[in-house]
Amino acid sequence: MNERLKDDIRRSLAVADAVQYKETCWINPKKESITQGASSVKLIADKEIEEAKKRLKRFAGYLMEVFPETTASNGIIESELRAISHMAQCLKEQTAAEIPGKLYLKMDSHLLVAGSIKARGGIHEVLKHAEELALAAGMVKEGDDYRVFASEPFRQFFSQYKMQAGSTGNLGLSIGIMSAKLGFQTIIHMSADARQWKKELLRSKGVTVMEYEEDYCAAVAAGRKASQEDPKSYFVDDENSRDLFTGYAVAGARLKKQLEDAQIAIDERHPLFVYLPCGIGGAPGGVAYGLRQVFADAVHCFFAEPTHACCMLLGMATNEHDKVSVYDFGLDGKTAADGLAVGRPSAFVGKVMEPHLSGIVTVSDEKLELLKEELLESEGIYIEPSACASFGLLLQPEQLHSYIKMNRLEDVMDNITHIAWATGGSLVPESLR
Ligand SMILES: *Cc1c(COP(=O)(O)O)cnc(C)c1O
């Protein structure tokens with residue numbers, strides 16, 4: 001390990017814990033207040049998120065046509081917010097500490113079509129590319145009814161093109177299912193962590209699955225290279241994609257509406273704490289960014305990572321972002337949380353999140369497994385181990401309380417709405433649960 005990394009370890013308690021696989025919580029010293037006018041430049045424009053929202057609306061009719069299960073929600077793919085008081089009780093008993101406020105589960109684990117949070121960003125980026133191709137070819141124009149995308153001439157048209165992505169599994173499912181439905185030739189490059197059933201499910205939809213013995217970054221690199229060599233191929237680049245990010249960010253305004261409908265107040269005296277499992281950072285970053293856009297300083301967003309693959313913590317705490325990997329710090333990157341098995345963070349998410357993120361918590365694989373069982377027993381809800389990272393900070397009550405204190409929220413802490421963002425699980429076959 002070079003001297004600079006050793007310095008990083010000496011400077012930060014959280015980094016020192018992380019490199020020993022110890023569960024920890026890093027608090028972001030660069031977070032800024034939005035209401036007091038965050039000084040930072042906006043790296044993602046509000047307009048881009050607004051456009052993503054409108055695009056998903058334009059395609060709602062098409063989605064109902066090809067995925068009839070989305071008819072009940074008018075072609076908008078959104079998830080339930082459910083109170084989970086039995087699980088809250090379970091967590092309290094485990095830590096022998098109070099969790100001030102009320103606990104909810106945001107069930108992206110059950111998002112239609114893709115069964116994970118990737119239904120937000122992945123489907124958005126595929127639809128955006130399809131729309132751009134169709135507009136450029138004069139097959140649609142602004143204001144048209146997009147149900148034509150389901151017609152044979154469109155499928156024929158898209159079949160000349162390729163869509164590719166690298167994935168640990170869930171991104172591949174969302175990109176693969178959507179782009180194969182549109183008619184694209186679809187190739188998903190899967191890392192060693194990807195589960196067999198995910199590969200089989202994709203193949204059953206006509207998707208070509210390439211398998212790699214290496215980690216996620218290697219699968220992405222191989223996919224990117226294959227795509228660059230083919231002018232008719234488009235690569236969904238999880239390490240750099242703004243279109244994934246804005247698709248995820250649409251969740252902010254949607255959650256606001258959901259909370260209003262449930263008459264749950266969110267403001268400075270009724271804070272919202274949101275816990276998001278983090279792999280490369282795109283999904284949790286996009287959602288958190290969208291939440292800060294609508295709730296400003298009333299929302300406190302935390303990422304959660306496995307102790308063996310805490311790439312975002314290492315990247316943000318050292319300010320090295322994608323210049324460092326977990327391997328550089330001697331970690332092995334191996335985790336049963338396959339959705340989070342990422343050794344190097346996104347090239348831009350850490351920087352975008354600098355003024356917005358409250359902190360990053362890490363969770364051991366053993367705890368993830370235990371949390372999965374507890375949620376199933378207490379609430380009858382199955383989510384995959386990766387998604388259980390969202391309970392991480394609630395198992396570290398001292399860290400949670402110290403954050404509450406630091407932010408002078410003690411007076412209002414009983415008003416906190418906690419949301420554990422469940423990121424995947426509903427497509428996991430019964431036999432593997
Ligand atoms: C992809 C994924 C995440 C994290 O998303 P990133 O964009 O990789 O950070 C979390 N949980 C599950 C289940 C996922 O599939």
# chains A, B, ... in the order shown; residues from 1 in each chain; ligands from 1
>>> residues_around(residues="range 340-354 of chain A", least_positions_apart="5", cutoff="9 Å", atoms="only C-alpha atoms", output="number ranges by chain")
A: 28-32, 42-44, 168, 193, 215-217, 238-241, 245, 277-282, 285-286, 288-289, 305-306, 308-316, 319, 321-327, 331-335, 386-387
>>> select_by_dssp(residues="range 273-325 of chain A", states="strand (DSSP E)", output="number ranges by chain")
A: 273-277, 299-306
>>> write_last_selection(atoms="N, CA and C atoms", output="mmCIF file, in the first residue's frame")
data_model
loop_
_atom_site.group_PDB
_atom_site.id
_atom_site.type_symbol
_atom_site.label_atom_id
_atom_site.label_comp_id
_atom_site.auth_asym_id
_atom_site.auth_seq_id
_atom_site.Cartn_x
_atom_site.Cartn_y
_atom_site.Cartn_z
ATOM 1 N N PHE A 273 -35.119 10.497 7.442
ATOM 2 C CA PHE A 273 -33.832 9.810 7.358
ATOM 3 C C PHE A 273 -33.993 8.662 6.354
ATOM 4 N N VAL A 274 -33.142 8.655 5.329
ATOM 5 C CA VAL A 274 -33.274 7.635 4.290
ATOM 6 C C VAL A 274 -31.979 6.843 4.168
ATOM 7 N N TYR A 275 -32.119 5.513 4.127
ATOM 8 C CA TYR A 275 -30.952 4.621 4.086
ATOM 9 C C TYR A 275 -30.950 3.841 2.782
ATOM 10 N N LEU A 276 -29.890 4.045 1.990
ATOM 11 C CA LEU A 276 -29.858 3.483 0.642
ATOM 12 C C LEU A 276 -28.666 2.562 0.414
ATOM 13 N N PRO A 277 -28.913 1.276 0.108
ATOM 14 C CA PRO A 277 -27.818 0.353 -0.201
ATOM 15 C C PRO A 277 -27.031 0.859 -1.408
ATOM 16 N N VAL A 299 -34.248 16.364 4.699
ATOM 17 C CA VAL A 299 -33.899 14.962 4.461
ATOM 18 C C VAL A 299 -32.423 14.711 4.749
ATOM 19 N N HIS A 300 -32.161 13.563 5.352
ATOM 20 C CA HIS A 300 -30.800 13.147 5.692
ATOM 21 C C HIS A 300 -30.568 11.787 5.032
ATOM 22 N N CYS A 301 -29.685 11.762 4.039
ATOM 23 C CA CYS A 301 -29.492 10.521 3.282
ATOM 24 C C CYS A 301 -28.194 9.823 3.654
ATOM 25 N N PHE A 302 -28.311 8.530 3.907
ATOM 26 C CA PHE A 302 -27.142 7.704 4.208
ATOM 27 C C PHE A 302 -27.042 6.584 3.178
ATOM 28 N N PHE A 303 -25.831 6.288 2.758
ATOM 29 C CA PHE A 303 -25.592 5.107 1.938
ATOM 30 C C PHE A 303 -25.207 3.964 2.870
ATOM 31 N N ALA A 304 -25.429 2.722 2.421
ATOM 32 C CA ALA A 304 -25.034 1.552 3.208
ATOM 33 C C ALA A 304 -24.309 0.565 2.308
ATOM 34 N N GLU A 305 -23.158 0.089 2.768
ATOM 35 C CA GLU A 305 -22.333 -0.817 1.964
ATOM 36 C C GLU A 305 -21.913 -2.034 2.781
ATOM 37 N N PRO A 306 -21.588 -3.154 2.103
ATOM 38 C CA PRO A 306 -21.056 -4.308 2.831
ATOM 39 C C PRO A 306 -19.621 -4.001 3.295
#
>>> closest_residue(among="A:Ser167, A:Gln94, A:Ser364, A:Ser79", to="ligand 1", atoms="only C-alpha atoms and all ligand atoms")
A:Ser167
>>> select_by_dssp(residues="range 1-156 of chain A", states="alpha helix (DSSP H)", output="PyMOL selection string")
chain A and resi 3-11+13-18+46-58+60-66+85-95+118-136+152-156
>>> closest_residue(among="A:Ala337, A:Ala136, A:Leu63, A:Leu432", to="ligand 1", atoms="only C-alpha atoms and all ligand atoms")
A:Ala337
